[in-house]
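Structure below is model.cif: mmCIF, C-alpha atoms.
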data_my_file
loop_
_atom_site.group_PDB
_atom_site.id
_atom_site.type_symbol
_atom_site.label_atom_id
_atom_site.label_comp_id
_atom_site.auth_asym_id
_atom_site.auth_seq_id
_atom_site.Cartn_x
_atom_site.Cartn_y
_atom_site.Cartn_z
ATOM 1 C CA MET A 1 91.271 108.872 121.081
ATOM 2 C CA THR A 2 90.642 112.062 122.957
ATOM 3 C CA THR A 3 92.302 114.600 120.683
ATOM 4 C CA SER A 4 90.447 116.012 117.718
ATOM 5 C CA PRO A 5 91.760 114.556 114.481
ATOM 6 C CA ARG A 6 93.340 116.435 111.626
ATOM 7 C CA ILE A 7 92.245 115.028 108.289
ATOM 8 C CA ALA A 8 93.397 115.792 104.755
ATOM 9 C CA PHE A 9 90.634 115.667 102.134
ATOM 10 C CA ILE A 10 91.915 115.431 98.555
ATOM 11 C CA ARG A 11 89.495 116.487 95.814
ATOM 12 C CA ALA A 12 90.018 115.738 92.133
ATOM 13 C CA ARG A 13 88.843 118.693 90.050
ATOM 14 C CA TRP A 14 87.390 116.687 87.176
ATOM 15 C CA HIS A 15 83.626 116.767 87.784
ATOM 16 C CA ALA A 16 84.171 119.075 90.765
ATOM 17 C CA ASP A 17 80.438 119.778 91.063
ATOM 18 C CA VAL A 18 79.936 116.092 91.909
ATOM 19 C CA VAL A 19 83.169 115.425 93.824
ATOM 20 C CA ASP A 20 82.702 118.434 96.114
ATOM 21 C CA ARG A 21 79.509 116.876 97.439
ATOM 22 C CA ALA A 22 81.626 114.122 99.015
ATOM 23 C CA HIS A 23 83.549 116.811 100.868
ATOM 24 C CA GLU A 24 80.290 118.387 102.065
ATOM 25 C CA GLY A 25 78.952 115.050 103.280
ATOM 26 C CA PHE A 26 82.246 114.287 104.989
ATOM 27 C CA LEU A 27 82.336 117.615 106.824
ATOM 28 C CA ALA A 28 78.766 117.279 108.093
ATOM 29 C CA GLU A 29 79.232 113.735 109.381
ATOM 30 C CA ALA A 30 82.707 114.442 110.790
ATOM 31 C CA ALA A 31 81.282 117.365 112.785
ATOM 32 C CA ARG A 32 78.715 114.998 114.278
ATOM 33 C CA LEU A 33 81.084 112.089 115.004
ATOM 34 C CA MET A 34 84.373 113.869 115.695
ATOM 35 C CA PRO A 35 83.636 117.315 117.154
ATOM 36 C CA GLY A 36 86.564 119.648 116.664
ATOM 37 C CA ALA A 37 87.986 117.660 113.758
ATOM 38 C CA GLN A 38 90.080 119.799 111.427
ATOM 39 C CA THR A 39 89.692 118.927 107.764
ATOM 40 C CA ASP A 40 92.078 120.488 105.271
ATOM 41 C CA PRO A 41 91.018 120.427 101.605
ATOM 42 C CA TRP A 42 93.650 119.690 98.957
ATOM 43 C CA ASP A 43 92.828 119.969 95.259
ATOM 44 C CA VAL A 44 94.482 118.003 92.460
ATOM 45 C CA PRO A 45 93.805 118.050 88.708
ATOM 46 C CA GLY A 46 92.439 114.513 88.506
ATOM 47 C CA ALA A 47 92.223 111.161 90.234
ATOM 48 C CA PHE A 48 95.610 109.982 89.004
ATOM 49 C CA GLU A 49 97.386 112.608 91.111
ATOM 50 C CA MET A 50 95.686 111.592 94.358
ATOM 51 C CA PRO A 51 97.876 108.663 95.527
ATOM 52 C CA LEU A 52 101.122 110.644 95.434
ATOM 53 C CA LEU A 53 99.601 113.564 97.327
ATOM 54 C CA ALA A 54 97.984 111.171 99.819
ATOM 55 C CA LYS A 55 101.371 109.624 100.541
ATOM 56 C CA GLN A 56 103.108 112.997 100.799
ATOM 57 C CA LEU A 57 100.475 114.321 103.200
ATOM 58 C CA ALA A 58 100.574 111.166 105.323
ATOM 59 C CA GLN A 59 104.374 111.366 105.512
ATOM 60 C CA THR A 60 104.223 114.861 107.041
ATOM 61 C CA GLY A 61 103.018 113.337 110.306
ATOM 62 C CA ARG A 62 100.420 116.095 110.594
ATOM 63 C CA TYR A 63 97.391 114.058 109.555
ATOM 64 C CA ASP A 64 95.521 111.306 111.354
ATOM 65 C CA ALA A 65 93.806 110.256 108.126
ATOM 66 C CA VAL A 66 93.676 111.103 104.435
ATOM 67 C CA VAL A 67 90.509 110.915 102.332
ATOM 68 C CA ALA A 68 90.578 111.152 98.529
ATOM 69 C CA ALA A 69 87.541 111.760 96.322
ATOM 70 C CA ALA A 70 87.188 111.497 92.551
ATOM 71 C CA LEU A 71 84.738 110.564 89.842
ATOM 72 C CA VAL A 72 86.538 108.579 87.136
ATOM 73 C CA VAL A 73 84.428 108.294 83.996
ATOM 74 C CA ASP A 74 84.766 106.766 80.571
ATOM 75 C CA GLY A 75 85.800 109.614 78.321
ATOM 76 C CA GLY A 76 85.901 107.335 75.306
ATOM 77 C CA ILE A 77 89.646 107.775 74.838
ATOM 78 C CA TYR A 78 91.272 105.603 77.498
ATOM 79 C CA ARG A 79 90.283 102.694 79.721
ATOM 80 C CA HIS A 80 88.929 104.517 82.736
ATOM 81 C CA ASP A 81 88.783 101.257 84.690
ATOM 82 C CA PHE A 82 92.588 101.016 84.470
ATOM 83 C CA VAL A 83 92.907 104.540 85.860
ATOM 84 C CA ALA A 84 90.476 103.768 88.677
ATOM 85 C CA GLN A 85 92.335 100.578 89.601
ATOM 86 C CA ALA A 86 95.672 102.399 89.661
ATOM 87 C CA VAL A 87 94.204 105.140 91.847
ATOM 88 C CA VAL A 88 92.625 102.821 94.406
ATOM 89 C CA SER A 89 95.749 100.626 94.522
ATOM 90 C CA GLY A 90 97.929 103.703 94.939
ATOM 91 C CA LEU A 91 95.791 105.022 97.774
ATOM 92 C CA MET A 92 95.939 101.661 99.532
ATOM 93 C CA GLN A 93 99.711 101.544 99.074
ATOM 94 C CA ALA A 94 100.060 105.058 100.520
ATOM 95 C CA GLY A 95 98.274 103.942 103.671
ATOM 96 C CA LEU A 96 100.238 100.722 103.972
ATOM 97 C CA GLU A 97 103.589 102.463 103.503
ATOM 98 C CA THR A 98 102.924 105.321 105.920
ATOM 99 C CA GLY A 99 100.713 103.708 108.547
ATOM 100 C CA VAL A 100 98.229 106.560 108.160
ATOM 101 C CA PRO A 101 94.744 105.394 107.158
ATOM 102 C CA VAL A 102 93.886 106.467 103.606
ATOM 103 C CA PHE A 103 90.257 106.309 102.478
ATOM 104 C CA SER A 104 88.834 106.372 98.971
ATOM 105 C CA VAL A 105 85.655 107.999 97.763
ATOM 106 C CA SER A 106 86.715 107.286 94.189
ATOM 107 C CA LEU A 107 83.860 106.001 92.099
ATOM 108 C CA THR A 108 83.862 104.668 88.553
ATOM 109 C CA PRO A 109 80.391 104.325 87.063
ATOM 110 C CA HIS A 110 79.933 101.857 84.230
ATOM 111 C CA ASN A 111 78.018 104.330 82.134
ATOM 112 C CA TYR A 112 78.189 108.014 83.049
ATOM 113 C CA GLN A 113 76.396 110.634 81.030
ATOM 114 C CA GLU A 114 76.232 114.274 81.993
ATOM 115 C CA THR A 115 72.467 114.582 82.011
ATOM 116 C CA ASP A 116 70.660 116.571 84.683
ATOM 117 C CA LEU A 117 69.090 113.418 86.102
ATOM 118 C CA LEU A 118 72.336 111.425 86.351
ATOM 119 C CA THR A 119 74.332 114.375 87.630
ATOM 120 C CA ALA A 120 71.767 114.891 90.393
ATOM 121 C CA PHE A 121 71.952 111.182 91.242
ATOM 122 C CA TYR A 122 75.753 111.233 91.491
ATOM 123 C CA ARG A 123 75.759 114.465 93.494
ATOM 124 C CA ASP A 124 73.452 112.825 96.046
ATOM 125 C CA HIS A 125 75.474 109.611 95.948
ATOM 126 C CA PHE A 126 78.738 111.458 96.602
ATOM 127 C CA LEU A 127 77.141 113.309 99.518
ATOM 128 C CA ALA A 128 76.274 109.938 101.069
ATOM 129 C CA LYS A 129 79.712 108.500 100.267
ATOM 130 C CA GLY A 130 81.404 111.463 101.933
ATOM 131 C CA ALA A 131 79.404 110.818 105.107
ATOM 132 C CA GLU A 132 80.321 107.138 104.839
ATOM 133 C CA ALA A 133 84.006 108.086 104.654
ATOM 134 C CA ALA A 134 83.673 110.166 107.831
ATOM 135 C CA ARG A 135 82.171 107.167 109.611
ATOM 136 C CA ALA A 136 85.059 105.023 108.365
ATOM 137 C CA VAL A 137 87.610 107.548 109.649
ATOM 138 C CA ALA A 138 85.898 107.645 113.060
ATOM 139 C CA GLN A 139 85.787 103.857 113.240
ATOM 140 C CA MET A 140 89.433 103.434 112.277
ATOM 141 C CA ARG A 141 90.430 106.060 114.855
ATOM 142 C CA ALA A 142 88.663 103.938 117.467
ATOM 143 C CA VAL A 143 90.471 100.839 116.201
ATOM 144 C CA GLY A 144 93.766 102.729 116.355
ATOM 145 C CA ALA A 145 93.030 103.721 119.964
ATOM 146 C CA ARG A 146 92.396 100.079 120.869
ATOM 147 C CA ILE A 147 95.684 99.059 119.271
ATOM 148 C CA ALA A 148 97.497 101.818 121.189
ATOM 149 C CA ASP A 149 95.889 100.552 124.412
ATOM 150 C CA LEU A 150 97.277 97.086 123.681
ATOM 151 C CA GLY A 151 100.754 98.557 123.471
ATOM 152 C CA ARG A 152 100.306 100.441 126.741
ATOM 153 C CA ALA A 153 98.986 97.306 128.467
ATOM 154 C CA ASP A 154 102.000 95.330 127.267
ATOM 155 C CA ALA A 155 104.364 98.027 128.552
ATOM 156 C CA ALA A 156 102.762 98.048 132.011
#
Produce structure tokens that represent the structure in this file.
Amino acid sequence: MTTSPRIAFIRARWHADVVDRAHEGFLAEAARLMPGAQTDPWDVPGAFEMPLLAKQLAQTGRYDAVVAAALVVDGGIYRHDFVAQAVVSGLMQAGLETGVPVFSVSLTPHNYQETDLLTAFYRDHFLAKGAEAARAVAQMRAVGARIADLGRADAA
């Protein structure tokens, strides 16, 4: 695809100091792989709100991709794995229903503790995962271009 993509990046605000690193990693890698890409940040309270916003943004027709980032941890009150599963399933459903690729940087560690050492580890990990998401967006844009070429070849 020759046009620069417009990408929505949804950030859950729980553990924002960690989640925002995914956005930073995404922006750096997107600048390298997709020069001129426009990335619009969208903030939501927590991970559970991400699928609905992802679908709404995809339905606008203004975005080539939607990325959603969250850190879902065991707060000791509810089953965080259920929340994480609902979020990832919802994000997948948003992409399937709209045809706009939706990517997840939503991680659920087995045992998260807010120590300096673990927080530093997850901040670095989210930076890498953000870059990984940018590579996934670039790759799926290339796949989308190939699919579009198939349609043009069939029409010719």
Hits of the PyMOL selection byres ((chain A and resi 131-134) around 6) in this structure, as a short mmCIF file (atom, residue, chain, number, x, y, z; two decimals) with C-alpha atoms, in the frame of the given file:
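What ended up in out04.cif:
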data_model
loop_
_atom_site.label_atom_id
_atom_site.label_comp_id
_atom_site.auth_asym_id
_atom_site.auth_seq_id
_atom_site.Cartn_x
_atom_site.Cartn_y
_atom_site.Cartn_z
CA GLY A 25 78.95 115.05 103.28
CA PHE A 26 82.25 114.29 104.99
CA GLU A 29 79.23 113.74 109.38
CA ALA A 30 82.71 114.44 110.79
CA ALA A 128 76.27 109.94 101.07
CA LYS A 129 79.71 108.50 100.27
CA GLY A 130 81.40 111.46 101.93
CA ARG A 135 82.17 107.17 109.61
CA ALA A 136 85.06 105.02 108.36
CA VAL A 137 87.61 107.55 109.65
#
Got a sec: who's within 10 Å of Pro109 in chain A, counting all atoms listed in the file, leaving out chain neighbours fewer than 3 positions off, as a ChimeraX atom specification?
-> /A:71-74,80-81,106,112-113,122
In Å, rounded to a single decimal, give me how far CA of Val44 in chain A is from CA of Ala12 in chain A.
-> 5.0 Å
Using the chain letters and numbers from the file, which residues does the PyMOL selection byres ((chain A and resi 84) around 10) grab, as JSON, numbers by chain?
-> {"A": [47, 48, 70, 71, 72, 73, 79, 80, 81, 82, 83, 85, 86, 87, 88, 89, 90, 106, 107, 108]}
Find the residue from A:Asp64, A:Asp124, A:Glu114, A:Asp43 that sits nearest to Ala138 in chain A; use only C-alpha atoms when measuring.
->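 Closest residue, counting only C-alpha atoms: A:Asp64.
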Local residues around (93.3, 112.2, 97.6), at most 9 Å away, using all atoms listed in the file, as a CSV table (one decimal) with C-alpha atoms, keeping the file's coordinate frame:
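out_28.csv, written as the output of this step:
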chain,number,residue,atom,x,y,z
A,8,ALA,CA,93.4,115.8,104.8
A,9,PHE,CA,90.6,115.7,102.1
A,10,ILE,CA,91.9,115.4,98.6
A,11,ARG,CA,89.5,116.5,95.8
A,12,ALA,CA,90.0,115.7,92.1
A,42,TRP,CA,93.6,119.7,99.0
A,43,ASP,CA,92.8,120.0,95.3
A,44,VAL,CA,94.5,118.0,92.5
A,47,ALA,CA,92.2,111.2,90.2
A,49,GLU,CA,97.4,112.6,91.1
A,50,MET,CA,95.7,111.6,94.4
A,51,PRO,CA,97.9,108.7,95.5
A,52,LEU,CA,101.1,110.6,95.4
A,53,LEU,CA,99.6,113.6,97.3
A,54,ALA,CA,98.0,111.2,99.8
A,55,LYS,CA,101.4,109.6,100.5
A,66,VAL,CA,93.7,111.1,104.4
A,67,VAL,CA,90.5,110.9,102.3
A,68,ALA,CA,90.6,111.2,98.5
A,69,ALA,CA,87.5,111.8,96.3
A,70,ALA,CA,87.2,111.5,92.6
A,91,LEU,CA,95.8,105.0,97.8
A,102,VAL,CA,93.9,106.5,103.6
A,103,PHE,CA,90.3,106.3,102.5
A,104,SER,CA,88.8,106.4,99.0
A,105,VAL,CA,85.7,108.0,97.8
A,106,SER,CA,86.7,107.3,94.2
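CA of Arg13 in chain A sits 19.9 Å away from CA of His110 in chain A.
Here CA of Leu150 in chain A is placed at a distance of 28.0 Å from CA of Ala31 in chain A.
For the residues A:Arg21, A:His15, A:Arg141, A:Arg6, ranking by smallest atom-to-atom distance to His125 in chain A using only C-alpha atoms places A:Arg21 first.
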Can you work out which one of A:Ala58, A:Ala65, A:Ala28, A:Leu127 has the shortest atom-to-atom distance to Ile7 in chain A, counting only C-alpha atoms?
->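 Smallest distance to Ile7 in chain A is found for A:Ala65.
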